[in-house]
file work.pdb (PDB, C-alpha atoms)
ATOM      1  CA  MET E  30      -8.878 -11.833  14.447  1.00  0.00           C
ATOM      2  CA  GLU E  31      -9.229 -10.315  10.992  1.00  0.00           C
ATOM      3  CA  ILE E  32     -11.185 -12.152   8.313  1.00  0.00           C
ATOM      4  CA  ILE E  33     -10.327 -11.802   4.617  1.00  0.00           C
ATOM      5  CA  ASP E  34     -12.134 -12.853   1.453  1.00  0.00           C
ATOM      6  CA  LEU E  35     -10.583 -15.439  -0.844  1.00  0.00           C
ATOM      7  CA  TYR E  36     -10.260 -15.249  -4.636  1.00  0.00           C
ATOM      8  CA  ASP E  37      -9.467 -17.707  -7.401  1.00  0.00           C
ATOM      9  CA  LYS E  38      -6.506 -17.365  -9.804  1.00  0.00           C
ATOM     10  CA  ASN E  39      -8.610 -15.125 -12.070  1.00  0.00           C
ATOM     11  CA  ARG E  40      -9.381 -12.814  -9.138  1.00  0.00           C
ATOM     12  CA  GLN E  41     -12.969 -13.924  -8.974  1.00  0.00           C
ATOM     13  CA  LEU E  42     -14.362 -13.491  -5.477  1.00  0.00           C
ATOM     14  CA  LEU E  43     -15.220 -16.840  -3.920  1.00  0.00           C
ATOM     15  CA  GLU E  44     -17.741 -17.450  -1.178  1.00  0.00           C
ATOM     16  CA  GLU E  45     -14.852 -18.384   1.114  1.00  0.00           C
ATOM     17  CA  THR E  46     -12.917 -16.561   3.827  1.00  0.00           C
ATOM     18  CA  ALA E  47      -9.766 -17.084   5.856  1.00  0.00           C
ATOM     19  CA  VAL E  48      -8.162 -15.656   8.966  1.00  0.00           C
ATOM     20  CA  ARG E  49      -5.502 -13.075   8.208  1.00  0.00           C
ATOM     21  CA  GLY E  50      -2.051 -14.609   8.572  1.00  0.00           C
ATOM     22  CA  ASP E  51      -3.200 -18.208   8.142  1.00  0.00           C
ATOM     23  CA  LYS E  52      -1.766 -20.273   5.291  1.00  0.00           C
ATOM     24  CA  LEU E  53      -4.198 -20.125   2.385  1.00  0.00           C
ATOM     25  CA  PRO E  54      -5.554 -23.284   0.752  1.00  0.00           C
ATOM     26  CA  LYS E  55      -4.005 -24.190  -2.600  1.00  0.00           C
ATOM     27  CA  GLY E  56      -5.538 -22.191  -5.446  1.00  0.00           C
ATOM     28  CA  ARG E  57      -6.841 -19.474  -3.128  1.00  0.00           C
ATOM     29  CA  TYR E  58      -5.606 -15.897  -3.092  1.00  0.00           C
ATOM     30  CA  ARG E  59      -5.977 -12.770  -0.971  1.00  0.00           C
ATOM     31  CA  LEU E  60      -6.228  -9.084  -1.828  1.00  0.00           C
ATOM     32  CA  VAL E  61      -3.942  -6.368  -0.477  1.00  0.00           C
ATOM     33  CA  VAL E  62      -3.747  -2.688  -1.337  1.00  0.00           C
ATOM     34  CA  HIS E  63      -1.087   0.012  -1.348  1.00  0.00           C
ATOM     35  CA  ILE E  64      -1.434   3.712  -1.978  1.00  0.00           C
ATOM     36  CA  CYS E  65       1.377   6.101  -2.751  1.00  0.00           C
ATOM     37  CA  LEU E  66       0.664   9.778  -2.194  1.00  0.00           C
ATOM     38  CA  PHE E  67       2.806  12.303  -4.054  1.00  0.00           C
ATOM     39  CA  ASN E  68       3.165  16.056  -3.594  1.00  0.00           C
ATOM     40  CA  ASP E  69       3.742  18.680  -6.295  1.00  0.00           C
ATOM     41  CA  LYS E  70       7.528  18.334  -5.807  1.00  0.00           C
ATOM     42  CA  ASP E  71       7.341  14.712  -7.041  1.00  0.00           C
ATOM     43  CA  GLU E  72       8.048  13.391  -3.557  1.00  0.00           C
ATOM     44  CA  MET E  73       6.266  10.365  -2.093  1.00  0.00           C
ATOM     45  CA  LEU E  74       4.859  10.365   1.408  1.00  0.00           C
ATOM     46  CA  ILE E  75       6.590   7.470   3.165  1.00  0.00           C
ATOM     47  CA  GLN E  76       6.073   5.939   6.601  1.00  0.00           C
ATOM     48  CA  GLN E  77       8.392   4.271   9.057  1.00  0.00           C
ATOM     49  CA  ARG E  78       6.965   1.045  10.447  1.00  0.00           C
ATOM     50  CA  GLN E  79       6.821   0.587  14.211  1.00  0.00           C
ATOM     51  CA  THR E  80       9.452  -1.413  16.065  1.00  0.00           C
ATOM     52  CA  THR E  81       6.750  -3.877  17.130  1.00  0.00           C
ATOM     53  CA  GLN E  82       5.706  -4.814  13.581  1.00  0.00           C
ATOM     54  CA  LYS E  83       6.060  -8.523  12.761  1.00  0.00           C
ATOM     55  CA  HIS E  84       7.470  -7.851   9.295  1.00  0.00           C
ATOM     56  CA  PHE E  85       9.972  -5.139   8.339  1.00  0.00           C
ATOM     57  CA  ALA E  86      10.025  -3.475  11.784  1.00  0.00           C
ATOM     58  CA  ASP E  87      11.612   0.011  11.815  1.00  0.00           C
ATOM     59  CA  LEU E  88      11.932   0.099   8.014  1.00  0.00           C
ATOM     60  CA  TRP E  89      10.446   2.800   5.825  1.00  0.00           C
ATOM     61  CA  ASP E  90       7.674   1.921   3.385  1.00  0.00           C
ATOM     62  CA  VAL E  91       5.419   3.509   0.785  1.00  0.00           C
ATOM     63  CA  THR E  92       2.572   5.691   2.073  1.00  0.00           C
ATOM     64  CA  VAL E  93       0.083   3.031   3.211  1.00  0.00           C
ATOM     65  CA  GLY E  94      -0.633  -0.644   2.672  1.00  0.00           C
ATOM     66  CA  GLY E  95      -2.681  -3.462   4.095  1.00  0.00           C
ATOM     67  CA  GLN E  96      -5.019  -6.358   3.556  1.00  0.00           C
ATOM     68  CA  VAL E  97      -8.562  -5.881   2.346  1.00  0.00           C
ATOM     69  CA  ASP E  98     -11.056  -7.122   4.946  1.00  0.00           C
ATOM     70  CA  ALA E  99     -13.865  -9.561   4.152  1.00  0.00           C
ATOM     71  CA  GLY E 100     -16.767  -7.741   2.531  1.00  0.00           C
ATOM     72  CA  GLU E 101     -14.648  -4.786   1.400  1.00  0.00           C
ATOM     73  CA  THR E 102     -13.784  -3.759  -2.117  1.00  0.00           C
ATOM     74  CA  SER E 103     -10.251  -2.743  -3.011  1.00  0.00           C
ATOM     75  CA  SER E 104     -11.151   0.965  -2.895  1.00  0.00           C
ATOM     76  CA  GLU E 105     -12.897   0.570   0.469  1.00  0.00           C
ATOM     77  CA  GLY E 106      -9.843  -1.235   1.840  1.00  0.00           C
ATOM     78  CA  VAL E 107      -7.407   1.462   0.747  1.00  0.00           C
ATOM     79  CA  GLN E 108      -9.709   4.198   2.092  1.00  0.00           C
ATOM     80  CA  ARG E 109      -9.878   2.424   5.476  1.00  0.00           C
ATOM     81  CA  GLU E 110      -6.096   1.900   5.595  1.00  0.00           C
ATOM     82  CA  LEU E 111      -5.452   5.596   4.875  1.00  0.00           C
ATOM     83  CA  LEU E 112      -7.785   6.602   7.690  1.00  0.00           C
ATOM     84  CA  GLU E 113      -6.427   4.040  10.174  1.00  0.00           C
ATOM     85  CA  GLU E 114      -2.713   4.559   9.592  1.00  0.00           C
ATOM     86  CA  LEU E 115      -2.493   8.289   8.797  1.00  0.00           C
ATOM     87  CA  GLY E 116      -5.862   9.802   9.731  1.00  0.00           C
ATOM     88  CA  ILE E 117      -6.500  10.833   6.115  1.00  0.00           C
ATOM     89  CA  ASN E 118     -10.126  10.604   5.007  1.00  0.00           C
ATOM     90  CA  ILE E 119     -10.157  10.539   1.198  1.00  0.00           C
ATOM     91  CA  ASP E 120     -13.187   9.255  -0.707  1.00  0.00           C
ATOM     92  CA  MET E 121     -11.748   6.445  -2.814  1.00  0.00           C
ATOM     93  CA  SER E 122     -15.101   5.125  -4.097  1.00  0.00           C
ATOM     94  CA  GLU E 123     -14.501   6.436  -7.630  1.00  0.00           C
ATOM     95  CA  LYS E 124     -10.790   5.565  -7.705  1.00  0.00           C
ATOM     96  CA  VAL E 125      -9.328   2.527  -9.414  1.00  0.00           C
ATOM     97  CA  PRO E 126      -5.872   1.042  -8.928  1.00  0.00           C
ATOM     98  CA  LYS E 127      -3.200   2.264 -11.320  1.00  0.00           C
ATOM     99  CA  PHE E 128      -2.044  -1.343 -11.648  1.00  0.00           C
ATOM    100  CA  THR E 129      -2.177  -4.703  -9.883  1.00  0.00           C
ATOM    101  CA  VAL E 130       0.844  -6.773  -8.962  1.00  0.00           C
ATOM    102  CA  PRO E 131       0.157 -10.496  -8.585  1.00  0.00           C
ATOM    103  CA  PHE E 132       2.256 -12.268  -5.959  1.00  0.00           C
ATOM    104  CA  LYS E 133       2.571 -15.810  -4.603  1.00  0.00           C
ATOM    105  CA  ASP E 134      -0.724 -15.914  -2.701  1.00  0.00           C
ATOM    106  CA  GLY E 135      -2.566 -12.805  -3.793  1.00  0.00           C
ATOM    107  CA  PHE E 136      -3.103  -9.620  -5.710  1.00  0.00           C
ATOM    108  CA  ASP E 137      -1.767  -6.193  -4.725  1.00  0.00           C
ATOM    109  CA  ASP E 138      -3.775  -3.223  -6.030  1.00  0.00           C
ATOM    110  CA  ILE E 139      -1.557  -0.138  -6.296  1.00  0.00           C
ATOM    111  CA  TYR E 140      -3.192   3.298  -6.090  1.00  0.00           C
ATOM    112  CA  LEU E 141      -1.294   6.487  -6.938  1.00  0.00           C
ATOM    113  CA  MET E 142      -2.481  10.033  -6.332  1.00  0.00           C
ATOM    114  CA  ARG E 143      -1.320  13.558  -5.752  1.00  0.00           C
ATOM    115  CA  THR E 144      -2.221  15.511  -2.642  1.00  0.00           C
ATOM    116  CA  ASP E 145      -1.212  18.743  -0.976  1.00  0.00           C
ATOM    117  CA  ILE E 146      -1.615  17.382   2.545  1.00  0.00           C
ATOM    118  CA  SER E 147       0.902  18.595   5.103  1.00  0.00           C
ATOM    119  CA  LEU E 148       2.602  16.312   7.611  1.00  0.00           C
ATOM    120  CA  GLU E 149       1.029  18.300  10.444  1.00  0.00           C
ATOM    121  CA  GLU E 150      -2.451  17.228   9.261  1.00  0.00           C
ATOM    122  CA  LEU E 151      -1.692  13.547   9.778  1.00  0.00           C
ATOM    123  CA  THR E 152      -2.683  11.456  12.795  1.00  0.00           C
ATOM    124  CA  LEU E 153      -0.351   8.475  12.947  1.00  0.00           C
ATOM    125  CA  GLN E 154      -1.600   5.095  14.164  1.00  0.00           C
ATOM    126  CA  LYS E 155       0.856   4.531  17.012  1.00  0.00           C
ATOM    127  CA  GLU E 156       0.637   0.735  16.788  1.00  0.00           C
ATOM    128  CA  GLU E 157       1.836   0.684  13.168  1.00  0.00           C
ATOM    129  CA  VAL E 158       3.499   3.977  12.190  1.00  0.00           C
ATOM    130  CA  GLN E 159       6.305   5.757  14.046  1.00  0.00           C
ATOM    131  CA  ALA E 160       7.146   8.541  11.558  1.00  0.00           C
ATOM    132  CA  VAL E 161       6.314   9.975   8.133  1.00  0.00           C
ATOM    133  CA  LYS E 162       8.138  12.213   5.700  1.00  0.00           C
ATOM    134  CA  TRP E 163       8.247  13.223   2.046  1.00  0.00           C
ATOM    135  CA  ALA E 164      11.027  11.626  -0.026  1.00  0.00           C
ATOM    136  CA  SER E 165      12.203  11.844  -3.618  1.00  0.00           C
ATOM    137  CA  GLU E 166      12.709   8.813  -5.846  1.00  0.00           C
ATOM    138  CA  GLU E 167      16.469   9.111  -5.393  1.00  0.00           C
ATOM    139  CA  GLU E 168      16.163   9.322  -1.592  1.00  0.00           C
ATOM    140  CA  ILE E 169      13.981   6.193  -1.503  1.00  0.00           C
ATOM    141  CA  LEU E 170      16.430   4.271  -3.701  1.00  0.00           C
ATOM    142  CA  ASP E 171      19.295   5.367  -1.442  1.00  0.00           C
ATOM    143  CA  MET E 172      17.310   4.211   1.614  1.00  0.00           C
ATOM    144  CA  ILE E 173      16.742   0.809  -0.018  1.00  0.00           C
ATOM    145  CA  GLY E 174      20.475   0.557  -0.719  1.00  0.00           C
ATOM    146  CA  CYS E 175      21.262   1.366   2.922  1.00  0.00           C
ATOM    147  CA  GLY E 176      18.759  -1.166   4.259  1.00  0.00           C
ATOM    148  CA  GLU E 177      16.502   1.522   5.756  1.00  0.00           C
ATOM    149  CA  PHE E 178      13.545   0.895   3.407  1.00  0.00           C
ATOM    150  CA  ILE E 179      11.616  -2.293   2.633  1.00  0.00           C
ATOM    151  CA  PRO E 180      13.748  -4.019  -0.019  1.00  0.00           C
ATOM    152  CA  TYR E 181      11.555  -3.362  -3.037  1.00  0.00           C
ATOM    153  CA  LYS E 182      13.154  -3.834  -6.444  1.00  0.00           C
ATOM    154  CA  GLU E 183      14.465  -0.564  -7.890  1.00  0.00           C
ATOM    155  CA  ALA E 184      12.319  -1.081 -10.996  1.00  0.00           C
ATOM    156  CA  TYR E 185       9.202  -1.072  -8.803  1.00  0.00           C
ATOM    157  CA  ILE E 186      10.112   2.299  -7.268  1.00  0.00           C
ATOM    158  CA  HIS E 187      10.851   3.700 -10.739  1.00  0.00           C
ATOM    159  CA  LEU E 188       7.451   2.440 -11.899  1.00  0.00           C
ATOM    160  CA  LEU E 189       5.612   4.150  -9.044  1.00  0.00           C
ATOM    161  CA  PHE E 190       7.206   7.492  -9.843  1.00  0.00           C
ATOM    162  CA  ALA E 191       6.786   7.069 -13.611  1.00  0.00           C
ATOM    163  CA  TYR E 192       3.067   6.280 -13.375  1.00  0.00           C
ATOM    164  CA  ILE E 193       1.967   9.038 -10.995  1.00  0.00           C
ATOM    165  CA  ASP E 194       0.844  11.301 -13.819  1.00  0.00           C
ATOM    166  CA  GLY E 195      -0.222   8.568 -16.189  1.00  0.00           C
ATOM    167  CA  ASP E 196       3.045   8.511 -18.123  1.00  0.00           C
ATOM    168  CA  SER E 197       2.622   5.148 -19.754  1.00  0.00           C
ATOM    169  CA  THR E 198       1.960   3.812 -23.196  1.00  0.00           C
ATOM    170  CA  PHE E 199      -1.341   2.417 -21.914  1.00  0.00           C
ATOM    171  CA  ASP E 200      -2.990   5.778 -21.080  1.00  0.00           C
TER     172      ASP E 200
END
call {"tool": "encode", "arguments": {"input": "work.pdb", "output": "structure tokens"}}
result
Amino acid sequence: MEIIDLYDKNRQLLEETAVRGDKLPKGRYRLVVHICLFNDKDEMLIQQRQTTQKHFADLWDVTVGGQVDAGETSSEGVQRELLEELGINIDMSEKVPKFTVPFKDGFDDIYLMRTDISLEELTLQKEEVQAVKWASEEEILDMIGCGEFIPYKEAYIHLLFAYIDGDSTFD
């Protein structure tokens, strides 16, 4: 049983928790994180979800994602998820999300970074990840079109690739 912290609509941490997967009370929100790792060829490291996953089994997804546990910050949650799912130990304590996407019952902090890690260095969490590979923006969009990738909106994938080096009017 995983416990998560609850937030209000302004993302203020409340002194309330919930069990992961339970329906949240009205006006309460959860925090999830995703990180997309890119190599110097502008390819994203993507993972194929295990057959046994409750949601999106066997589909490909961005590098890593998951819920932030109770007592964790966003950066601690993404650091833990990287270590659990891929065996990558990156200090995220000084990192901030590139952007946050609000959704129906929560906030999704999106981290983007470049790395020169090789696939052979990864230790996949067998319960969640069955395969990993590097893929270009075009390959990911093709996989979405073929139903092989989680059905993210194309604009979202474009945004991830556009923001990796800070190419935005907000930098």
call {"tool": "residues_near_point", "arguments": {"input": "work.pdb", "point": "(-5.8, -2.9, -5.1)", "cutoff": "10 Å", "atoms": "only C-alpha atoms", "output": "list in words"}}
result
Leu60, Val61, Val62, His63, Ile64, Gly94, Gly95, Gln96, Val97, Thr102, Ser103, Ser104, Glu105, Gly106, Val107, Val125, Pro126, Lys127, Phe128, Thr129, Val130, Phe136, Asp137, Asp138, Ile139 and Tyr140 of chain E
call {"tool": "closest_atom_pairs", "arguments": {"input": "work.pdb", "of": "range 110-165 of chain E", "to": "range 71-91 of chain E", "cutoff": "9 Å", "atoms": "all atoms listed in the file", "output": "JSON lines"}}
result
{"residue": "E:Arg143", "atom": "CA", "partner": "E:Asp71", "partner_atom": "CA", "distance": 8.8}
{"residue": "E:Leu148", "atom": "CA", "partner": "E:Leu74", "partner_atom": "CA", "distance": 8.9}
{"residue": "E:Lys155", "atom": "CA", "partner": "E:Gln79", "partner_atom": "CA", "distance": 7.7}
{"residue": "E:Glu156", "atom": "CA", "partner": "E:Gln79", "partner_atom": "CA", "distance": 6.7}
{"residue": "E:Glu157", "atom": "CA", "partner": "E:Gln79", "partner_atom": "CA", "distance": 5.1}
{"residue": "E:Val158", "atom": "CA", "partner": "E:Arg78", "partner_atom": "CA", "distance": 4.9}
{"residue": "E:Gln159", "atom": "CA", "partner": "E:Gln79", "partner_atom": "CA", "distance": 5.2}
{"residue": "E:Ala160", "atom": "CA", "partner": "E:Gln77", "partner_atom": "CA", "distance": 5.1}
{"residue": "E:Val161", "atom": "CA", "partner": "E:Gln76", "partner_atom": "CA", "distance": 4.3}
{"residue": "E:Lys162", "atom": "CA", "partner": "E:Ile75", "partner_atom": "CA", "distance": 5.6}
{"residue": "E:Trp163", "atom": "CA", "partner": "E:Leu74", "partner_atom": "CA", "distance": 4.5}
{"residue": "E:Ala164", "atom": "CA", "partner": "E:Glu72", "partner_atom": "CA", "distance": 4.9}
{"residue": "E:Ser165", "atom": "CA", "partner": "E:Glu72", "partner_atom": "CA", "distance": 4.4}
call {"tool": "resolve_selection", "arguments": {"input": "work.pdb", "expression": "the PyMOL selection byres ((chain E and resi 98) around 8)", "output": "short mmCIF file (atom, residue, chain, number, x, y, z; two decimals) with C-alpha atoms, in the frame of the given file"}}
result
data_model
loop_
_atom_site.label_atom_id
_atom_site.label_comp_id
_atom_site.auth_asym_id
_atom_site.auth_seq_id
_atom_site.Cartn_x
_atom_site.Cartn_y
_atom_site.Cartn_z
CA GLU E 31 -9.23 -10.32 10.99
CA ILE E 32 -11.18 -12.15 8.31
CA ILE E 33 -10.33 -11.80 4.62
CA ASP E 34 -12.13 -12.85 1.45
CA GLN E 96 -5.02 -6.36 3.56
CA VAL E 97 -8.56 -5.88 2.35
CA ALA E 99 -13.86 -9.56 4.15
CA GLY E 100 -16.77 -7.74 2.53
CA GLU E 101 -14.65 -4.79 1.40
CA GLY E 106 -9.84 -1.24 1.84
#
call {"tool": "closest_residue", "arguments": {"input": "work.pdb", "among": "E:Leu111, E:Gln154, E:Leu43, E:Thr92", "to": "Leu189 in chain E", "atoms": "only C-alpha atoms"}}
result
E:Thr92
call {"tool": "residues_near_point", "arguments": {"input": "work.pdb", "point": "(16.5, 3.8, 4.9)", "cutoff": "10 Å", "atoms": "all atoms listed in the file", "output": "JSON, numbers by chain"}}
result
{"E": [77, 87, 88, 89, 90, 168, 169, 170, 171, 172, 173, 174, 175, 176, 177, 178, 179, 180]}
call {"tool": "residues_around", "arguments": {"input": "work.pdb", "residues": "Thr152 in chain E", "least_positions_apart": "4", "cutoff": "9 Å", "atoms": "all atoms listed in the file", "output": "PyMOL selection string"}}
result
chain E and resi 112-117+148
call {"tool": "atom_distance", "arguments": {"input": "work.pdb", "atom1": "CA of Ile146 in chain E", "atom2": "CA of Tyr185 in chain E"}}
result
24.2 Å
call {"tool": "closest_residue", "arguments": {"input": "work.pdb", "among": "E:Asp51, E:Gln41, E:Met142, E:Lys133", "to": "Ile193 in chain E", "atoms": "only C-alpha atoms"}}
result
E:Met142
call {"tool": "closest_residue", "arguments": {"input": "work.pdb", "among": "E:Arg40, E:Asp134, E:Asn118, E:Asn68", "to": "Leu53 in chain E", "atoms": "only C-alpha atoms"}}
result
E:Asp134
call {"tool": "atom_distance", "arguments": {"input": "work.pdb", "atom1": "CA of Thr144 in chain E", "atom2": "CA of Glu123 in chain E"}}
result
16.1 Å
call {"tool": "closest_residue", "arguments": {"input": "work.pdb", "among": "E:Phe190, E:Gly135, E:Glu110, E:Ser122", "to": "Gly56 in chain E", "atoms": "all atoms listed in the file"}}
result
E:Gly135
call {"tool": "atom_distance", "arguments": {"input": "work.pdb", "atom1": "CA of Glu149 in chain E", "atom2": "CA of Ile119 in chain E"}}
result
16.5 Å
call {"tool": "axis_aligned_box", "arguments": {"input": "work.pdb", "around": "range 91-103 of chain E", "padding_each_side": "5 Å", "output": "lines of an AutoDock Vina configuration file"}}
result
center_x = -5.7
center_y = -1.9
center_z = 1.0
size_x = 32.2
size_y = 25.3
size_z = 18.0
call {"tool": "closest_residue", "arguments": {"input": "work.pdb", "among": "E:Arg57, E:Asp194, E:Lys70, E:Glu45", "to": "Asp145 in chain E", "atoms": "only C-alpha atoms"}}
result
E:Lys70
